[in-house]
Amino acid sequence: MELRSPAFSDHRMIPRRHAHDADNVSPPLTWSGVPDEAEELVLLCEDPDAPSGTFVHWLVTGIDPRAGGLEAGETPRGGRPHRNGFGERGWGGPQPPAGDDAHRYFFRLYALAEPVSLPDRVTADDAHAVLDRRQLASGTLVGLYRR
């Protein structure tokens with residue numbers, strides 16, 4: 001699957017308005033190539049460069065596989081936002097420590113053959129343990145951010 005954003009290109013800087021300490025608006029995303037047999041999409045955004053370990057910035061399950069994307073600040077059609085690493089429901093934008101090199105933010109979209117059940121607050125490792133083995137296909141977009 002192909003995952004893109006009109007707000008930033010792969011391995012390029014995420015605009016400040018999407019940062020947690022700015023407007024904290026989720027970026028717009030588009031995707032294509034979802035397998036016909038997909039019953040659900042799951043969106044995960046994580047920062048593997050966080051000092052305390054991989055940080056979950058966004059996890060949305062239950063996304064309609066016929067959805068082709070979402071506008072900035074939206075929850076994907078049919079999606080159920082989970083709690084992020086900040087303890088907030090939905091998007092929690094980048095907020096790396098000031099002075100760090102740019103952190104990488106991996107946006108991953110998974111196509112699943114059947115609905116998945118994940119806890120409301122889940123670690124990135126636990127999400128991968130379920131999603132990586134159940135995926136029909138996936139797409140990844142990497143954004144960068146530094147303060």
# chains A, B, ... in the order shown; residues from 1 in each chain; ligands from 1
>>> residues_around(residues="His18 (chain A)", least_positions_apart="5", cutoff="8 Å", atoms="only C-alpha atoms", output="PyMOL selection string")
chain A and resi 23-27+93-94
>>> residues_around(residues="Pro96 (chain A)", least_positions_apart="4", cutoff="9 Å", atoms="only C-alpha atoms", output="list of chain:residue names")
A:Asp47, A:Asp49, A:Ala50, A:Pro51, A:Asp100, A:Asp101, A:Ala102, A:His103, A:Tyr145, A:Arg146, A:Arg147
>>> residues_around(residues="region 112-124 of chain A", least_positions_apart="2", cutoff="6 Å", atoms="only C-alpha atoms", output="CSV table (one decimal) with N, CA and C atoms, in the first residue's frame")
chain,number,residue,atom,x,y,z
A,38,ALA,N,-9.5,-6.7,2.5
A,38,ALA,CA,-9.3,-6.0,3.8
A,38,ALA,C,-10.7,-5.7,4.4
A,39,GLU,N,-10.8,-6.0,5.7
A,39,GLU,CA,-12.0,-5.7,6.5
A,39,GLU,C,-11.8,-4.5,7.4
A,40,GLU,N,-10.6,-4.2,7.7
A,40,GLU,CA,-10.3,-3.1,8.6
A,40,GLU,C,-8.9,-2.5,8.3
A,56,VAL,N,4.1,6.1,21.2
A,56,VAL,CA,3.0,6.1,20.4
A,56,VAL,C,2.3,7.5,20.3
A,82,HIS,N,-7.4,5.6,19.9
A,82,HIS,CA,-6.9,5.1,21.2
A,82,HIS,C,-6.1,6.2,21.9
A,83,ARG,N,-5.7,5.9,23.1
A,83,ARG,CA,-4.9,6.9,23.9
A,83,ARG,C,-3.5,6.8,23.4
A,126,ASP,N,3.6,-3.8,21.7
A,126,ASP,CA,2.4,-4.7,21.7
A,126,ASP,C,1.5,-4.5,20.5
A,127,ALA,N,1.4,-3.3,20.0
A,127,ALA,CA,0.7,-3.1,18.7
A,127,ALA,C,1.3,-3.9,17.6
A,135,GLN,N,-1.3,-8.6,9.3
A,135,GLN,CA,-1.5,-7.7,8.2
A,135,GLN,C,-1.6,-8.4,6.8
A,136,LEU,N,-2.5,-7.9,6.0
A,136,LEU,CA,-2.5,-8.4,4.6
A,136,LEU,C,-1.5,-7.5,3.8
>>> closest_residue(among="A:Ile14, A:Leu44, A:Met1, A:Ala7", to="Pro65 (chain A)", atoms="only C-alpha atoms")
A:Met1
>>> select_by_dssp(residues="region 10-129 of chain A", states="helix (DSSP H, G or I)", output="PyMOL selection string")
chain A and resi 16-18+124-129
>>> write_last_selection(atoms="N, CA and C atoms", output="compact mmCIF listing (two decimals), in the first residue's frame")
# COMPACT_ATOMS: atom_id res chain seq x y z
N ARG A 16 5.25 22.53 11.61
CA ARG A 16 5.09 22.83 13.04
C ARG A 16 3.64 22.76 13.50
N ARG A 17 2.68 23.12 12.66
CA ARG A 17 1.27 23.13 13.11
C ARG A 17 0.81 21.76 13.60
N HIS A 18 1.51 20.70 13.21
CA HIS A 18 1.13 19.35 13.62
C HIS A 18 1.78 18.94 14.94
N ALA A 124 3.85 0.54 21.53
CA ALA A 124 4.16 0.28 20.12
C ALA A 124 4.55 -1.18 19.93
N ASP A 125 5.34 -1.73 20.85
CA ASP A 125 5.76 -3.14 20.72
C ASP A 125 4.56 -4.07 20.75
N ASP A 126 3.60 -3.82 21.66
CA ASP A 126 2.42 -4.67 21.74
C ASP A 126 1.54 -4.53 20.49
N ALA A 127 1.43 -3.32 19.96
CA ALA A 127 0.67 -3.12 18.73
C ALA A 127 1.32 -3.87 17.57
N HIS A 128 2.64 -3.77 17.45
CA HIS A 128 3.34 -4.48 16.38
C HIS A 128 3.20 -6.00 16.52
N ALA A 129 3.22 -6.50 17.75
CA ALA A 129 3.09 -7.94 17.96
C ALA A 129 1.79 -8.48 17.37
>>> closest_residue(among="A:Arg77, A:Tyr110, A:Gly139, A:Arg104", to="Met13 (chain A)", atoms="only C-alpha atoms")
A:Arg104
>>> closest_residue(among="A:Asp21, A:Asp36, A:Asp10, A:Asp132", to="Arg66 (chain A)", atoms="only C-alpha atoms")
A:Asp36
>>> residues_around(residues="Leu29 (chain A)", least_positions_apart="4", cutoff="10 Å", atoms="only C-alpha atoms", output="count of residues only")
15
>>> closest_residue(among="A:Leu109, A:Pro15, A:Val130, A:Gly87", to="Ser32 (chain A)", atoms="only C-alpha atoms")
A:Leu109
>>> atom_distance(atom1="CA of His20 (chain A)", atom2="CA of Glu2 (chain A)")
25.7 Å
>>> decode(residues="region 98-127 of chain A", atoms="C-alpha atoms", output="PDB file, in the first residue's frame")
ATOM      1  CA  ALA A  98      14.588  20.580  22.502  1.00  0.00           C
ATOM      2  CA  GLY A  99      18.039  20.368  20.966  1.00  0.00           C
ATOM      3  CA  ASP A 100      17.764  16.727  19.881  1.00  0.00           C
ATOM      4  CA  ASP A 101      18.524  15.799  16.306  1.00  0.00           C
ATOM      5  CA  ALA A 102      15.352  15.394  14.256  1.00  0.00           C
ATOM      6  CA  HIS A 103      13.243  12.465  15.433  1.00  0.00           C
ATOM      7  CA  ARG A 104      11.633  10.072  12.950  1.00  0.00           C
ATOM      8  CA  TYR A 105       7.854   9.644  13.016  1.00  0.00           C
ATOM      9  CA  PHE A 106       6.713   6.438  11.358  1.00  0.00           C
ATOM     10  CA  PHE A 107       3.137   6.563  10.075  1.00  0.00           C
ATOM     11  CA  ARG A 108       2.054   2.985   9.323  1.00  0.00           C
ATOM     12  CA  LEU A 109      -1.221   1.925   7.768  1.00  0.00           C
ATOM     13  CA  TYR A 110      -2.139  -1.753   8.109  1.00  0.00           C
ATOM     14  CA  ALA A 111      -4.781  -3.632   6.116  1.00  0.00           C
ATOM     15  CA  LEU A 112      -6.279  -6.526   8.096  1.00  0.00           C
ATOM     16  CA  ALA A 113      -8.482  -9.423   6.964  1.00  0.00           C
ATOM     17  CA  GLU A 114     -10.545  -9.217  10.159  1.00  0.00           C
ATOM     18  CA  PRO A 115     -11.158  -6.616  12.871  1.00  0.00           C
ATOM     19  CA  VAL A 116      -8.593  -6.411  15.630  1.00  0.00           C
ATOM     20  CA  SER A 117      -9.052  -5.713  19.326  1.00  0.00           C
ATOM     21  CA  LEU A 118      -6.336  -3.657  20.998  1.00  0.00           C
ATOM     22  CA  PRO A 119      -6.400  -2.101  24.475  1.00  0.00           C
ATOM     23  CA  ASP A 120      -7.267   1.589  24.669  1.00  0.00           C
ATOM     24  CA  ARG A 121      -3.666   2.350  25.600  1.00  0.00           C
ATOM     25  CA  VAL A 122      -1.093   0.061  24.051  1.00  0.00           C
ATOM     26  CA  THR A 123       2.670   0.196  23.604  1.00  0.00           C
ATOM     27  CA  ALA A 124       4.165   0.285  20.125  1.00  0.00           C
ATOM     28  CA  ASP A 125       5.759  -3.138  20.722  1.00  0.00           C
ATOM     29  CA  ASP A 126       2.418  -4.667  21.737  1.00  0.00           C
ATOM     30  CA  ALA A 127       0.668  -3.118  18.728  1.00  0.00           C
TER      31      ALA A 127
END
